[in-house]
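Engineer: Dropping in target_15.txt, with compact mmCIF, C-alpha atoms.
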```
# COMPACT_ATOMS: atom_id res chain seq x y z
CA MET O 1 33.44 -16.14 13.33
CA LYS O 2 32.84 -15.87 17.08
CA ILE O 3 30.29 -13.30 18.13
CA ALA O 4 29.55 -12.43 21.75
CA PHE O 5 26.49 -10.60 23.03
CA ASN O 6 24.05 -10.57 25.93
CA ILE O 7 20.65 -12.06 25.29
CA ASN O 8 17.84 -11.68 27.82
CA GLY O 9 20.44 -10.67 30.37
CA GLN O 10 22.72 -13.66 29.83
CA PRO O 11 26.12 -13.56 28.10
CA GLN O 12 26.25 -15.71 25.00
CA GLU O 13 28.81 -16.53 22.33
CA VAL O 14 28.13 -18.15 18.99
CA ASP O 15 30.48 -19.39 16.29
CA VAL O 16 28.73 -18.76 13.01
CA ASP O 17 28.98 -17.03 9.62
CA GLY O 18 28.70 -13.35 10.52
CA ASN O 19 26.14 -12.75 7.79
CA THR O 20 23.69 -15.24 9.27
CA PRO O 21 20.45 -13.46 10.15
CA LEU O 22 20.13 -12.91 13.89
CA LEU O 23 16.73 -14.61 13.71
CA TRP O 24 18.39 -17.87 12.62
CA VAL O 25 20.81 -17.70 15.55
CA VAL O 26 18.10 -16.90 18.08
CA ARG O 27 15.74 -19.65 16.96
CA ASP O 28 18.00 -22.43 15.71
CA MET O 29 21.16 -22.04 17.79
CA LEU O 30 19.82 -20.60 21.03
CA ASN O 31 16.47 -22.40 20.84
CA LEU O 32 14.44 -19.28 21.63
CA LYS O 33 11.43 -20.02 19.47
CA GLY O 34 9.24 -17.09 20.53
CA THR O 35 10.63 -14.84 17.79
CA LYS O 36 8.94 -15.86 14.55
CA PHE O 37 9.92 -16.10 10.90
CA GLY O 38 7.28 -14.42 8.75
CA CYS O 39 8.36 -13.02 5.41
CA GLY O 40 12.17 -13.07 5.56
CA LYS O 41 12.43 -9.62 3.99
CA ALA O 42 11.81 -7.25 6.88
CA ALA O 43 8.28 -6.56 5.76
CA CYS O 44 5.94 -8.20 8.27
CA GLY O 45 7.67 -7.64 11.61
CA ALA O 46 7.03 -11.12 13.05
CA CYS O 47 10.77 -11.38 13.81
CA THR O 48 10.98 -8.11 15.76
CA LEU O 49 13.23 -8.13 18.82
CA HIS O 50 15.30 -5.50 20.60
CA VAL O 51 18.97 -4.73 20.05
CA ASP O 52 20.19 -2.19 22.60
CA GLY O 53 16.58 -1.19 23.15
CA GLU O 54 15.77 -0.56 19.49
CA ALA O 55 13.14 -2.63 17.67
CA ILE O 56 14.93 -4.59 14.93
CA ARG O 57 13.67 -6.89 12.20
CA SER O 58 15.96 -9.81 13.00
CA CYS O 59 15.48 -11.61 9.68
CA SER O 60 17.35 -8.72 8.08
CA TYR O 61 20.00 -8.21 10.76
CA ALA O 62 23.34 -9.91 10.23
CA VAL O 63 24.44 -11.43 13.53
CA LYS O 64 27.89 -9.81 13.22
CA PHE O 65 26.25 -6.46 14.00
CA ALA O 66 25.13 -7.86 17.38
CA GLU O 67 28.70 -8.12 18.71
CA GLY O 68 28.81 -6.66 22.22
CA LYS O 69 25.16 -5.63 22.20
CA ASN O 70 22.19 -6.39 24.44
CA ILE O 71 19.45 -8.40 22.77
CA THR O 72 15.99 -8.90 24.20
CA THR O 73 13.53 -11.40 22.77
CA ILE O 74 9.92 -11.99 23.78
CA GLU O 75 11.21 -14.58 26.26
CA GLY O 76 13.12 -11.85 28.08
CA LEU O 77 10.46 -9.15 27.99
CA GLY O 78 8.87 -10.25 31.28
CA THR O 79 8.53 -13.33 33.42
CA ALA O 80 5.56 -15.51 34.33
CA GLU O 81 5.70 -14.00 37.81
CA LYS O 82 6.19 -10.44 36.63
CA LEU O 83 4.65 -9.81 33.26
CA HIS O 84 5.75 -6.85 31.19
CA PRO O 85 2.91 -4.30 30.95
CA VAL O 86 2.57 -5.12 27.26
CA GLN O 87 2.15 -8.82 28.03
CA GLN O 88 -0.37 -8.05 30.75
CA ALA O 89 -2.37 -5.76 28.48
CA TRP O 90 -2.27 -8.32 25.66
CA MET O 91 -3.80 -10.91 28.00
CA GLU O 92 -6.40 -8.52 29.40
CA GLU O 93 -7.57 -7.52 25.93
CA VAL O 94 -7.35 -11.11 24.61
CA VAL O 95 -5.50 -9.81 21.58
CA PRO O 96 -4.16 -12.90 19.79
CA GLN O 97 -6.17 -14.97 17.37
CA CYS O 98 -3.74 -17.42 15.77
CA GLY O 99 -0.98 -15.67 17.72
CA TYR O 100 1.87 -16.19 15.28
CA CYS O 101 2.70 -12.53 14.71
CA GLN O 102 2.01 -11.37 18.26
CA PRO O 103 5.54 -11.60 19.74
CA GLY O 104 6.73 -9.22 17.04
CA PHE O 105 3.90 -6.79 17.75
CA MET O 106 4.57 -6.96 21.48
CA MET O 107 8.28 -6.25 21.04
CA ALA O 108 7.52 -3.34 18.70
CA THR O 109 5.01 -2.00 21.22
CA ALA O 110 7.43 -2.32 24.13
CA ALA O 111 9.99 -0.31 22.15
CA LEU O 112 7.38 2.33 21.33
CA LEU O 113 6.32 2.75 24.97
CA GLU O 114 9.93 3.23 26.05
CA LYS O 115 10.11 6.29 23.81
CA VAL O 116 6.51 7.43 23.66
CA PRO O 117 4.96 6.49 27.02
CA ASN O 118 1.49 7.77 26.13
CA PRO O 119 1.05 7.13 22.40
CA THR O 120 -1.87 8.55 20.50
CA ASP O 121 -3.68 6.55 17.84
CA GLU O 122 -1.56 8.41 15.29
CA ASP O 123 1.65 7.42 17.11
CA ILE O 124 0.48 3.81 17.04
CA ASP O 125 -0.33 3.99 13.33
CA ASN O 126 3.05 5.54 12.51
CA ASN O 127 5.18 3.23 14.65
CA ILE O 128 3.49 -0.16 14.75
CA VAL O 129 3.36 -1.26 11.13
CA ASN O 130 3.72 -5.02 11.59
CA VAL O 131 1.35 -7.29 9.71
CA CYS O 132 -1.32 -9.49 11.32
CA ARG O 133 -3.17 -11.81 8.96
CA CYS O 134 -5.91 -12.32 11.56
CA ALA O 135 -6.40 -8.53 11.57
CA THR O 136 -6.26 -8.17 15.33
CA TYR O 137 -5.29 -4.53 14.89
CA TYR O 138 -8.32 -3.15 16.72
CA ARG O 139 -7.65 -5.23 19.84
CA MET O 140 -3.96 -4.41 19.63
CA ARG O 141 -4.70 -0.70 19.62
CA LYS O 142 -6.74 -1.13 22.79
CA ALA O 143 -3.97 -3.23 24.34
CA ILE O 144 -1.30 -0.64 23.50
CA HIS O 145 -3.32 2.07 25.24
CA ARG O 146 -3.93 -0.31 28.15
CA ALA O 147 -0.20 -1.10 28.44
CA ALA O 148 0.53 2.63 28.58
CA GLU O 149 -2.09 2.93 31.34
CA ILE O 150 -0.52 0.07 33.30
CA ASN O 151 2.85 1.79 32.98
CA ARG O 152 1.40 5.06 34.24
CA SER O 153 -0.20 3.33 37.24
CA ALA O 154 3.05 1.55 38.07
CA ASN O 155 4.99 4.79 37.82
CA SER O 156 2.53 6.70 40.02
CA ILE O 157 2.83 3.98 42.70
CA THR O 158 6.61 4.06 42.68
CA GLN O 159 6.77 7.87 42.86
CA MET H 1 -24.94 10.66 -55.11
CA ASN H 2 -26.20 7.75 -53.10
CA VAL H 3 -25.42 7.44 -49.40
CA LYS H 4 -23.20 4.35 -49.72
CA LEU H 5 -20.92 6.08 -52.21
CA LEU H 6 -20.68 9.14 -49.93
CA TYR H 7 -19.63 6.91 -46.97
CA LEU H 8 -16.99 5.23 -49.13
CA LEU H 9 -15.54 8.56 -50.24
CA LEU H 10 -15.44 9.93 -46.66
CA THR H 11 -13.78 6.75 -45.37
CA ALA H 12 -11.14 6.91 -48.11
CA LEU H 13 -10.49 10.58 -47.30
CA PHE H 14 -10.09 9.79 -43.57
CA VAL H 15 -7.68 6.92 -44.22
CA GLY H 16 -5.67 9.13 -46.54
CA ILE H 17 -5.35 11.90 -43.96
CA CYS H 18 -4.25 9.39 -41.31
CA TRP H 19 -1.60 7.99 -43.65
CA VAL H 20 -0.19 11.45 -44.37
CA PHE H 21 0.04 12.31 -40.62
CA ALA H 22 1.58 8.95 -39.75
CA ASN H 23 4.34 9.43 -42.29
CA THR H 24 5.11 13.06 -41.64
CA GLU H 25 8.10 13.86 -39.39
CA ILE H 26 7.10 16.58 -36.98
CA LYS H 27 9.81 19.24 -36.68
CA THR H 28 10.36 21.15 -33.46
CA ASP H 29 13.04 23.50 -32.16
CA SER H 30 13.78 21.20 -29.20
CA PRO H 31 16.93 19.10 -29.42
CA PRO H 32 16.09 15.45 -29.82
CA LEU H 33 16.45 13.30 -26.71
CA VAL H 34 19.26 11.33 -28.31
CA GLN H 35 21.37 14.48 -28.53
CA ARG H 36 20.78 15.16 -24.81
CA GLU H 37 21.95 11.67 -23.89
CA MET H 38 25.15 12.15 -25.85
CA GLU H 39 26.18 15.28 -23.93
CA ASP H 40 29.05 14.47 -21.63
CA THR H 41 30.09 17.67 -19.90
CA PRO H 42 31.03 17.21 -16.23
CA PHE H 43 27.73 18.88 -15.25
CA ASP H 44 25.74 16.46 -17.41
CA LYS H 45 27.52 13.42 -16.04
CA MET H 46 27.08 14.60 -12.47
CA MET H 47 23.40 15.38 -12.93
CA ALA H 48 22.73 12.09 -14.70
CA VAL H 49 23.70 10.49 -11.40
CA LEU H 50 22.04 12.95 -9.02
CA THR H 51 18.71 12.69 -10.81
CA HIS H 52 18.84 8.88 -10.76
CA LYS H 53 16.42 6.98 -8.52
CA ARG H 54 19.28 5.72 -6.32
CA CYS H 55 19.75 9.35 -5.23
CA ILE H 56 16.26 10.82 -5.59
CA ASN H 57 14.55 8.03 -3.61
CA CYS H 58 16.20 9.42 -0.46
CA HIS H 59 15.85 13.11 -1.40
CA PRO H 60 12.02 13.27 -1.39
CA SER H 61 10.18 16.56 -1.27
CA ASP H 62 7.70 15.23 1.30
CA ASN H 63 8.08 13.13 4.43
CA TYR H 64 8.00 9.70 2.86
CA PRO H 65 11.01 7.85 1.48
CA ARG H 66 10.70 6.35 -1.98
CA GLN H 67 11.92 2.89 -2.93
CA GLY H 68 12.34 0.59 -5.87
CA GLU H 69 13.02 1.15 -9.53
CA ASP H 70 9.65 2.88 -9.88
CA SER H 71 10.31 5.15 -6.87
CA HIS H 72 7.08 4.20 -5.16
CA VAL H 73 6.33 5.53 -1.70
CA HIS H 74 8.13 3.35 0.86
CA ASN H 75 6.02 0.43 2.02
CA PHE H 76 4.46 0.30 5.49
CA GLY H 77 3.89 4.06 5.71
CA VAL H 78 7.52 4.64 6.71
CA ARG H 79 8.03 8.29 7.65
CA ARG H 80 10.86 10.80 7.78
CA GLY H 81 10.66 11.53 11.53
CA GLU H 82 12.22 14.54 13.22
CA ASP H 83 15.84 13.51 12.62
CA ASN H 84 15.33 12.04 9.11
CA HIS H 85 15.97 8.56 10.55
CA GLY H 86 12.34 7.52 11.01
CA VAL H 87 9.95 7.69 13.95
CA ALA H 88 10.43 6.54 17.56
CA ALA H 89 9.98 2.77 17.19
CA LEU H 90 10.27 2.50 13.43
CA ARG H 91 13.73 3.77 12.68
CA CYS H 92 15.56 3.32 9.39
CA GLU H 93 17.90 1.06 11.36
CA SER H 94 14.98 -1.21 12.27
CA CYS H 95 15.49 -2.77 8.84
CA HIS H 96 18.50 -1.06 7.19
CA GLN H 97 21.92 -1.92 8.57
CA HIS H 98 25.39 -0.72 7.56
CA GLU H 99 25.54 -2.90 4.48
CA ASN H 100 23.18 -4.61 2.05
CA ASN H 101 21.52 -7.75 3.35
CA ASN H 102 21.46 -10.38 0.66
CA PHE H 103 19.20 -12.69 2.68
CA SER H 104 16.32 -10.24 2.93
CA GLY H 105 17.13 -7.98 -0.01
CA VAL H 106 17.05 -4.95 2.31
CA PRO H 107 19.62 -2.36 1.21
CA GLY H 108 22.01 -0.85 3.72
CA ALA H 109 24.92 1.56 4.11
CA PRO H 110 26.40 3.64 6.93
CA GLU H 111 24.13 6.52 8.05
CA TRP H 112 21.15 5.17 6.11
CA SER H 113 18.59 7.97 6.31
CA LEU H 114 16.69 10.55 4.30
CA ALA H 115 18.37 13.75 3.21
CA PRO H 116 17.05 16.68 5.27
CA LYS H 117 13.97 18.30 3.81
CA SER H 118 15.99 21.39 2.84
CA MET H 119 17.82 19.07 0.45
CA ALA H 120 14.64 17.87 -1.26
CA TRP H 121 15.36 17.19 -4.94
CA GLN H 122 12.31 15.23 -5.98
CA GLY H 123 10.49 17.13 -8.72
CA LEU H 124 13.28 19.68 -9.28
CA THR H 125 15.08 20.28 -12.56
CA ARG H 126 18.82 19.72 -12.91
CA VAL H 127 19.44 23.46 -12.58
CA GLU H 128 17.22 23.71 -9.49
CA ILE H 129 19.00 20.75 -7.88
CA ALA H 130 22.40 22.30 -8.61
CA LYS H 131 21.34 25.68 -7.22
CA SER H 132 19.94 24.04 -4.09
CA MET H 133 23.09 21.98 -3.68
CA LEU H 134 25.26 25.10 -3.73
CA ASN H 135 23.01 27.16 -1.46
CA PRO H 136 24.29 27.00 2.15
CA GLU H 137 20.75 27.61 3.37
CA ASN H 138 19.71 24.33 1.76
CA ASN H 139 22.86 22.23 1.86
CA GLY H 140 23.46 22.23 5.59
CA GLY H 141 25.93 25.12 5.46
CA ARG H 142 28.42 23.21 3.33
CA THR H 143 31.13 24.99 1.38
CA LEU H 144 31.71 23.89 -2.20
CA GLU H 145 34.61 21.78 -1.01
CA GLU H 146 32.41 20.09 1.59
CA THR H 147 29.68 19.53 -0.98
CA VAL H 148 32.18 17.86 -3.30
CA HIS H 149 33.36 15.72 -0.39
CA HIS H 150 29.77 14.63 0.30
CA LEU H 151 29.13 13.89 -3.36
CA THR H 152 32.31 11.92 -3.93
CA GLU H 153 33.27 10.32 -0.61
CA HIS H 154 30.18 9.86 1.54
CA GLU H 155 29.61 6.11 1.84
CA LEU H 156 25.86 6.52 1.64
CA VAL H 157 26.19 8.35 -1.68
CA LEU H 158 28.65 5.82 -3.09
CA TRP H 159 26.28 3.00 -2.11
CA ALA H 160 24.48 3.89 -5.36
CA TRP H 161 27.12 1.83 -7.21
CA GLU H 162 26.80 -1.11 -4.81
CA PRO H 163 23.01 -1.20 -4.49
CA GLY H 164 22.74 -4.96 -3.98
CA ILE H 165 19.75 -7.10 -4.77
CA ASP H 166 16.09 -6.66 -3.99
CA ALA H 167 13.82 -9.04 -2.08
CA ASN H 168 13.33 -11.08 -5.26
CA GLY H 169 17.06 -11.42 -5.84
CA ASN H 170 17.10 -8.96 -8.74
CA PRO H 171 20.03 -6.52 -8.87
CA ARG H 172 19.09 -2.89 -8.29
CA GLU H 173 19.81 -0.50 -11.12
CA LYS H 174 23.02 1.51 -10.81
CA PRO H 175 23.37 5.15 -11.91
CA PRO H 176 24.03 5.57 -15.63
CA VAL H 177 27.59 6.88 -15.18
CA PRO H 178 30.37 4.69 -13.72
CA LYS H 179 31.49 5.73 -10.24
CA ASP H 180 35.02 6.81 -11.20
CA GLU H 181 33.71 8.90 -14.11
CA TYR H 182 31.12 10.49 -11.86
CA ILE H 183 33.70 11.39 -9.21
CA LYS H 184 35.97 12.90 -11.87
CA ALA H 185 33.03 14.83 -13.29
CA VAL H 186 32.01 16.29 -9.92
CA LYS H 187 35.57 17.39 -9.19
CA ALA H 188 36.04 18.83 -12.69
CA TRP H 189 32.75 20.73 -12.45
CA ALA H 190 33.72 22.19 -9.06
CA ALA H 191 37.27 23.01 -10.21
CA ALA H 192 35.85 24.93 -13.19
CA GLY H 193 33.82 27.16 -10.88
CA ALA H 194 30.73 24.99 -10.27
CA LYS H 195 28.91 26.78 -13.07
CA ILE H 196 25.27 26.00 -13.57
CA PRO H 197 24.22 26.14 -17.22
CA ASN H 198 21.14 27.99 -18.37
CA GLU H 199 18.45 25.53 -19.30
```
Before we go any further, please render this structure as structure tokens.
Structural biologist:
Amino acid sequence: MKIAFNINGQPQEVDVDGNTPLLWVVRDMLNLKGTKFGCGKAACGACTLHVDGEAIRSCSYAVKFAEGKNITTIEGLGTAEKLHPVQQAWMEEVVPQCGYCQPGFMMATAALLEKVPNPTDEDIDNNIVNVCRCATYYRMRKAIHRAAEINRSANSITQ
Amino acid sequence: MNVKLLYLLLTALFVGICWVFANTEIKTDSPPLVQREMEDTPFDKMMAVLTHKRCINCHPSDNYPRQGEDSHVHNFGVRRGEDNHGVAALRCESCHQHENNNFSGVPGAPEWSLAPKSMAWQGLTRVEIAKSMLNPENNGGRTLEETVHHLTEHELVLWAWEPGIDANGNPREKPPVPKDEYIKAVKAWAAAGAKIPNE
């Protein structure tokens, strides 16, 4: 079946079995390799991306549900010239170790900050439940607070 | 009497007492479980479904969904959230879509969410669940007709008979009463006045 959606701001159409996981389409058909396969059962969060602004585990999201929607992957979160605050904070705090799970964490964090601009540690614990086998959780917590701070600074400048 | 002979006698006495207890049928006034399973009034059929894990897992009495055949607390610390659909960036829809996903084993149905806390059933008896279900203060202000509609036509409720497979490819357990029998039972119970038996 043909399925049309916008991905990272660009219109896209794929002809594929509608039950194919969105992750398969993103990685194998659209060649956007930043979104990772981790567990394949929506448990680890490595495949997290945004569908209409909501954080979604794409390994468990049939592509047919993406019809007409706006998808953002880690490649579309920011640009090399204009990093997303989460990307900037991740670099400042040198969060990644092996790095495999980090795109999923960053996408989950970006979704959190859209809804909870100044998250507490409890907000972070309740919302960011992805799995990192390198246990970079402590640095991620710092980076999430830092990203919120960068957002606040940017907002105060624009106001 | 020497000590060895005394030990032998006491041991024989102990073994004898154990044998008598092991072969004695203990009588109580309670109906045996088998009899309870054989009851098939509309109320019994309805409650056999409503107390099943496919229903109770999403009617918890706290703020954590349950999952699985053993009704364990949902993995990853998933929480109810203010609207019963999860918290800001970890919504039910983050993983659960409108239908089961056979690739991941994640279940799904329209409006996947927890029942509101006023509709908590976990830990209640059949009578308590029925009373709560009929109480407009607990049931979201539903009339009996609306409650029957929810119980027999809501897609999320009827998902219980299409529960799909888990992450290991094993089919989830369905409620113990077939769907059509359950629907008939709910309607018959309501039509007869939605009486709640004394238990």
Engineer: Show me, as a PyMOL selection string, the residues of chain O whose atoms get within 9 Å of chain H, using only C-alpha atoms for the distance check.
Structural biologist: chain O and resi 19-21+39-43+48+54-62+65+108-116+123+125-130
Engineer: Of the candidates H:Ser113, H:Ser118, H:Thr152, H:Asn138, which shows the shortest atom-to-atom distance to His85 in chain H, using only C-alpha atoms?
Structural biologist: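 Smallest separation from His85 in chain H among the options: H:Ser113.
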Engineer: Between CA of Ser61 in chain H and CA of Leu114 in chain H, what distance in Å does the model show, to one decimal?
Structural biologist: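 The value is 10.5 Å.
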Engineer: Provide the CA of Ile56 in chain H to CA of Glu173 in chain H distance in Å, to one decimal place.
Structural biologist: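 Computing it gives 13.1 Å between the two atoms.
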Engineer: Might you pull out every residue within 9 Å of Leu156 in chain H, with all atoms listed in the file counted and same-chain residues fewer than 6 positions away left off, and present them as an mmCIF file with C-alpha atoms, in the frame of the given file?
Structural biologist:
```cif
data_model
loop_
_atom_site.group_PDB
_atom_site.id
_atom_site.type_symbol
_atom_site.label_atom_id
_atom_site.label_comp_id
_atom_site.auth_asym_id
_atom_site.auth_seq_id
_atom_site.Cartn_x
_atom_site.Cartn_y
_atom_site.Cartn_z
ATOM 1 C CA GLY H 108 22.010 -0.850 3.720
ATOM 2 C CA ALA H 109 24.920 1.560 4.110
ATOM 3 C CA PRO H 110 26.400 3.640 6.930
ATOM 4 C CA GLU H 111 24.130 6.520 8.050
ATOM 5 C CA TRP H 112 21.150 5.170 6.110
ATOM 6 C CA SER H 113 18.590 7.970 6.310
#
```
Engineer: Which polymer residues have any atom within 12 Å of an atom of Glu153 in chain H, counting all atoms listed in the file, with same-chain residues fewer than 2 positions away left out, as a PDB file with C-alpha atoms, keeping the file's coordinate frame?
Structural biologist:
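Here's the written file around02.pdb:
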```pdb
ATOM      1  CA  GLU H 145      34.610  21.780  -1.010  1.00  0.00           C
ATOM      2  CA  GLU H 146      32.410  20.090   1.590  1.00  0.00           C
ATOM      3  CA  THR H 147      29.680  19.530  -0.980  1.00  0.00           C
ATOM      4  CA  VAL H 148      32.180  17.860  -3.300  1.00  0.00           C
ATOM      5  CA  HIS H 149      33.360  15.720  -0.390  1.00  0.00           C
ATOM      6  CA  HIS H 150      29.770  14.630   0.300  1.00  0.00           C
ATOM      7  CA  LEU H 151      29.130  13.890  -3.360  1.00  0.00           C
ATOM      8  CA  GLU H 155      29.610   6.110   1.840  1.00  0.00           C
ATOM      9  CA  LEU H 156      25.860   6.520   1.640  1.00  0.00           C
ATOM     10  CA  VAL H 157      26.190   8.350  -1.680  1.00  0.00           C
ATOM     11  CA  LEU H 158      28.650   5.820  -3.090  1.00  0.00           C
ATOM     12  CA  TRP H 159      26.280   3.000  -2.110  1.00  0.00           C
ATOM     13  CA  ALA H 160      24.480   3.890  -5.360  1.00  0.00           C
ATOM     14  CA  LYS H 179      31.490   5.730 -10.240  1.00  0.00           C
ATOM     15  CA  ASP H 180      35.020   6.810 -11.200  1.00  0.00           C
ATOM     16  CA  TYR H 182      31.120  10.490 -11.860  1.00  0.00           C
ATOM     17  CA  ILE H 183      33.700  11.390  -9.210  1.00  0.00           C
ATOM     18  CA  LYS H 184      35.970  12.900 -11.870  1.00  0.00           C
ATOM     19  CA  VAL H 186      32.010  16.290  -9.920  1.00  0.00           C
ATOM     20  CA  LYS H 187      35.570  17.390  -9.190  1.00  0.00           C
TER      21      LYS H 187
END
```
Engineer: Between O:Lys2, O:Lys142, O:Arg133, O:Lys69, which is the closest to His50 in chain O once you count all atoms listed in the file?
Structural biologist: O:Lys69
Engineer: Kindly provide, as AutoDock Vina command-line options, the centre and edge lengths (Å, one decimal) of an axis-aligned box around all atoms of range 57-71 of chain O given in the file, with 8 Å on each side.
Structural biologist:
```
--center_x 21.2 --center_y -8.6 --center_z 16.3 --size_x 31.1 --size_y 22.0 --size_z 32.4
```
Engineer: All heavy atoms for range 47-54 of chain H, written as a compact mmCIF listing (two decimals), keeping the file's coordinate frame, could you do that?
Structural biologist:
```txt
# COMPACT_ATOMS: atom_id res chain seq x y z
N MET H 47 24.86 15.30 -13.12
CA MET H 47 23.40 15.38 -12.93
C MET H 47 22.70 14.10 -13.38
O MET H 47 21.63 13.77 -12.86
CB MET H 47 22.83 16.59 -13.67
CG MET H 47 23.30 17.92 -13.14
SD MET H 47 23.25 18.11 -11.32
CE MET H 47 21.51 17.96 -11.00
N ALA H 48 23.32 13.37 -14.31
CA ALA H 48 22.73 12.09 -14.70
C ALA H 48 22.69 11.15 -13.49
O ALA H 48 21.78 10.33 -13.36
CB ALA H 48 23.54 11.46 -15.83
N VAL H 49 23.67 11.30 -12.61
CA VAL H 49 23.70 10.49 -11.40
C VAL H 49 22.73 11.06 -10.35
O VAL H 49 21.92 10.34 -9.78
CB VAL H 49 25.13 10.42 -10.82
CG1 VAL H 49 25.13 9.76 -9.45
CG2 VAL H 49 26.04 9.68 -11.78
N LEU H 50 22.82 12.36 -10.12
CA LEU H 50 22.04 12.95 -9.02
C LEU H 50 20.54 12.90 -9.27
O LEU H 50 19.76 12.98 -8.32
CB LEU H 50 22.50 14.39 -8.76
CG LEU H 50 23.98 14.56 -8.40
CD1 LEU H 50 24.26 15.99 -7.96
CD2 LEU H 50 24.42 13.59 -7.32
N THR H 51 20.15 12.79 -10.52
CA THR H 51 18.71 12.69 -10.81
C THR H 51 18.26 11.23 -10.93
O THR H 51 17.10 10.96 -11.23
CB THR H 51 18.35 13.44 -12.11
OG1 THR H 51 19.16 12.93 -13.17
CG2 THR H 51 18.56 14.92 -11.97
N HIS H 52 19.19 10.31 -10.67
CA HIS H 52 18.84 8.88 -10.76
C HIS H 52 18.08 8.46 -9.50
O HIS H 52 18.26 9.04 -8.43
CB HIS H 52 20.12 8.05 -10.92
CG HIS H 52 19.86 6.60 -11.20
ND1 HIS H 52 19.83 5.66 -10.20
CD2 HIS H 52 19.60 5.95 -12.35
CE1 HIS H 52 19.58 4.47 -10.74
NE2 HIS H 52 19.44 4.62 -12.04
N LYS H 53 17.25 7.43 -9.65
CA LYS H 53 16.42 6.98 -8.52
C LYS H 53 17.22 6.60 -7.29
O LYS H 53 16.74 6.73 -6.17
CB LYS H 53 15.52 5.83 -8.97
CG LYS H 53 16.27 4.60 -9.39
CD LYS H 53 15.44 3.66 -10.23
CE LYS H 53 15.50 4.05 -11.69
NZ LYS H 53 14.83 3.08 -12.57
N ARG H 54 18.47 6.10 -7.49
CA ARG H 54 19.28 5.72 -6.32
C ARG H 54 19.58 6.93 -5.44
O ARG H 54 19.83 6.79 -4.25
CB ARG H 54 20.59 5.04 -6.74
CG ARG H 54 20.45 3.70 -7.40
CD ARG H 54 20.12 2.57 -6.42
NE ARG H 54 18.69 2.45 -6.15
CZ ARG H 54 17.82 1.82 -6.92
NH1 ARG H 54 18.21 1.22 -8.00
NH2 ARG H 54 16.55 1.79 -6.59
```
